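Asks: Got a structure here, written out as structure tokens. Questions coming.
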Amino acid sequence: MSLATLARSPVTREAPPAPQGAPRIARVEIVRDMAAARPHWLALQHAACFMTPYQAFDFLDLWQRHIGAGGGVEPCIVIGFDAGNAPLFLLPLGRHAAAGLKTIEFLGGKHSNFNMGLWRADVLASITADDLRDVFAHLSGEADVISLGNQPLMWAGRDNPLALLPHQPSPSFGFSGPLQRDFDALFDERTSAVGRRKMRKKERTLAGFGDVTFARAASDAEIRRVAEDFYTQKSARMRSIGLPDVFAAQDVRDFVTAGALTPTPAGSRLIELYTLSVGDTIVATMGGVCADGRFSAMFSSIIHDRFKTESPGEQLLVRVVRDCCERGLHTFDLGVGEASYKSLFCDADPMFDSDWPLTFKGRAFALAHRGFAAAKRAVKQNPALWSVIVAARRIKARLTNKAAAS
């Protein structure tokens with residue numbers, strides 16, 4: 001669907017009439033440099049705008065420096081201003097070329113679980129589908145296709161404005177859940193008595209191997225040590241289940257380590273690292289971003305040895321959620337993608353993708369991409385079929401690892 005077609009197409013939802021005196025979009029600017037976008041970006045962030053932690057300037061600036069630039073991604077940041085030249089919204093987009101096709105996507109790549117713009121609160125109540133069509137029309141001539149994935153339909157109880165435009169369901173759901181001050185009450189709510197007994201038994205068994213400690217990495221030296229252990233764990237884990245290790249590339253490791261070392265105004269780190277250890281051995285790791293009362297898990301790993309039968313990853317998850325409750329956070333999420341452990345504290349949230357071609361080449365890509373995403377969703381939402389694929393991956397991994405060892 002081209003932008004011209006988009007302008008004529010009906011949408012599934014329409015914004016209510018704009019309240020009297022609501023801000024209007026006076027102009028739209030495309031900014032091609034992170035530093036140039038920074039003042040407007042931070043102005044929105046400091047105004048407590050509608051956004052996810054993955055669209056924070058520091059997070060995406062690090063991503064662009066360590067991963068995006070080397071991968072050929074050029075910032076293509078769309079900013080809307082009011083008549084007083086104050087930013088109303090910002091869409092953190094980037095453009096890259098591959099196989100002769102130029103694509104505009106959200107910055108952050110696979111390291112951004114949830115993708116959205118930054119929206120000033122008063123804009124949410126007034127922006128319409130027609131406004132958005134006019135905004136995206138400014139990208140005509142910039143690429144062959146706009147392909148925006150992993151967008152939450154709702155965030156923090158508010159509708160995502162981009163859902164006003166034509167879209168399709170994402171292949172996977174997002175997963176999040178509310179927290180409360182009383183962790184024990186939350187834990188009792190989310191688990192059965194049988195489940196709690198099993199978990200306590202595993203905790204006792206794990207403690208039989210040595211002192212079990214839970215920690216958030218604080219010092220630079222500790223952060224570097226935890227990060228290196230995580231990369232080793234993740235690599236072994238991915239080999240065992242027959243999936244590629246997205247953390248194997250040095251640029252990705254540099255991004256994660258840099259994020260974990262970057263301090264925040266709140267006194268934490270941009271990417272927080274949590275560990276569960278038995279004695280001096282880290283048996284599970286989790287990393288995530290925390291902002292606006294929400295912790296968003298980015299990645300996790302467990303050690304590939306005898307400890308794994310005691311579900312160290314699940315035991316770490318419980319401790320991280322307890323810590324979030326004690327910090328007074330209100331929401332916890334485990335990102336995008338189905339996994340059985342996610343149901344412990346989270347529920348499925350619908351996500352959507354948008355593919356809008358700008359050229360004839362882009363039209364072919366958009367059709368193919370929508371078809372592939374629909375097929376992928378059908379497979380992932382069919383438990384029987386998905387279990388067959390997972391089993392096949394594991395068998396292939398065993399055969400591959402056996403061949404490599406011989």
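Each chain in the structure tokens gets a letter, A, B, ..., in the order shown, and its residues are numbered from 1; ligands are numbered from 1 in order too.
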Could you give me, as a count of residues only, the residues within 10 Å of Ile30 of chain A, counting only C-alpha atoms and dropping anything in the same chain fewer than 5 positions from it?

Replies: 12

Asks: Name all residues at most 9 Å from Gly337 of chain A (count only C-alpha atoms; drop same-chain ones fewer than 5 positions away) and give them as a list in words.

Replies: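 Contacts, with the query itself left out: Pro171, Ser172, Phe173, Gly174 and Phe175 of chain A.
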
Asks: Segment 158-284 of chain A: which residues are alpha helix (DSSP H) by DSSP, as a ChimeraX atom specification?

Replies: /A:183-190,193-207,220-241,250-261

Asks: Store the residues of this selection in a file with C-alpha atoms, as a tab-separated table (two decimals), in the first residue's frame.

Replies:
```
chain	number	residue	atom	x	y	z
A	183	PHE	CA	5.41	-9.20	46.01
A	184	ASP	CA	4.17	-12.21	47.98
A	185	ALA	CA	0.56	-11.29	47.19
A	186	LEU	CA	1.46	-10.93	43.51
A	187	PHE	CA	3.30	-14.27	43.53
A	188	ASP	CA	0.33	-16.02	45.14
A	189	GLU	CA	-1.97	-14.46	42.52
A	190	ARG	CA	0.13	-15.63	39.57
A	193	ALA	CA	0.24	-23.89	45.44
A	194	VAL	CA	1.72	-26.82	43.53
A	195	GLY	CA	3.83	-24.49	41.40
A	196	ARG	CA	5.15	-22.68	44.47
A	197	ARG	CA	6.09	-25.96	46.15
A	198	LYS	CA	8.01	-27.07	43.05
A	199	MET	CA	9.86	-23.78	42.92
A	200	ARG	CA	10.79	-23.92	46.60
A	201	LYS	CA	12.12	-27.45	46.09
A	202	LYS	CA	14.30	-26.25	43.20
A	203	GLU	CA	15.55	-23.35	45.33
A	204	ARG	CA	16.58	-25.79	48.07
A	205	THR	CA	18.30	-28.07	45.57
A	206	LEU	CA	20.20	-25.17	44.02
A	207	ALA	CA	21.25	-24.00	47.49
A	220	ASP	CA	32.19	-1.03	36.14
A	221	ALA	CA	34.39	-4.06	36.82
A	222	GLU	CA	31.42	-6.12	37.93
A	223	ILE	CA	29.38	-5.06	34.91
A	224	ARG	CA	32.15	-6.10	32.52
A	225	ARG	CA	32.50	-9.48	34.24
A	226	VAL	CA	28.76	-10.15	34.15
A	227	ALA	CA	28.54	-9.11	30.51
A	228	GLU	CA	31.34	-11.47	29.48
A	229	ASP	CA	29.72	-14.35	31.39
A	230	PHE	CA	26.42	-13.55	29.67
A	231	TYR	CA	27.97	-13.70	26.19
A	232	THR	CA	29.52	-17.08	26.98
A	233	GLN	CA	26.28	-18.45	28.43
A	234	LYS	CA	24.18	-17.15	25.56
A	235	SER	CA	26.46	-18.62	22.93
A	236	ALA	CA	26.32	-22.07	24.53
A	237	ARG	CA	22.56	-21.85	24.96
A	238	MET	CA	21.91	-20.84	21.35
A	239	ARG	CA	24.08	-23.67	20.06
A	240	SER	CA	22.15	-26.16	22.18
A	241	ILE	CA	18.74	-25.13	20.79
A	250	GLN	CA	31.41	-7.72	18.47
A	251	ASP	CA	29.37	-4.61	17.64
A	252	VAL	CA	26.39	-6.04	19.50
A	253	ARG	CA	28.54	-6.90	22.51
A	254	ASP	CA	30.02	-3.40	22.47
A	255	PHE	CA	26.51	-1.90	22.44
A	256	VAL	CA	25.28	-4.02	25.37
A	257	THR	CA	28.41	-3.42	27.44
A	258	ALA	CA	28.35	0.33	26.72
A	259	GLY	CA	24.66	0.48	27.70
A	260	ALA	CA	25.35	-1.41	30.94
A	261	LEU	CA	28.17	1.02	31.78
```
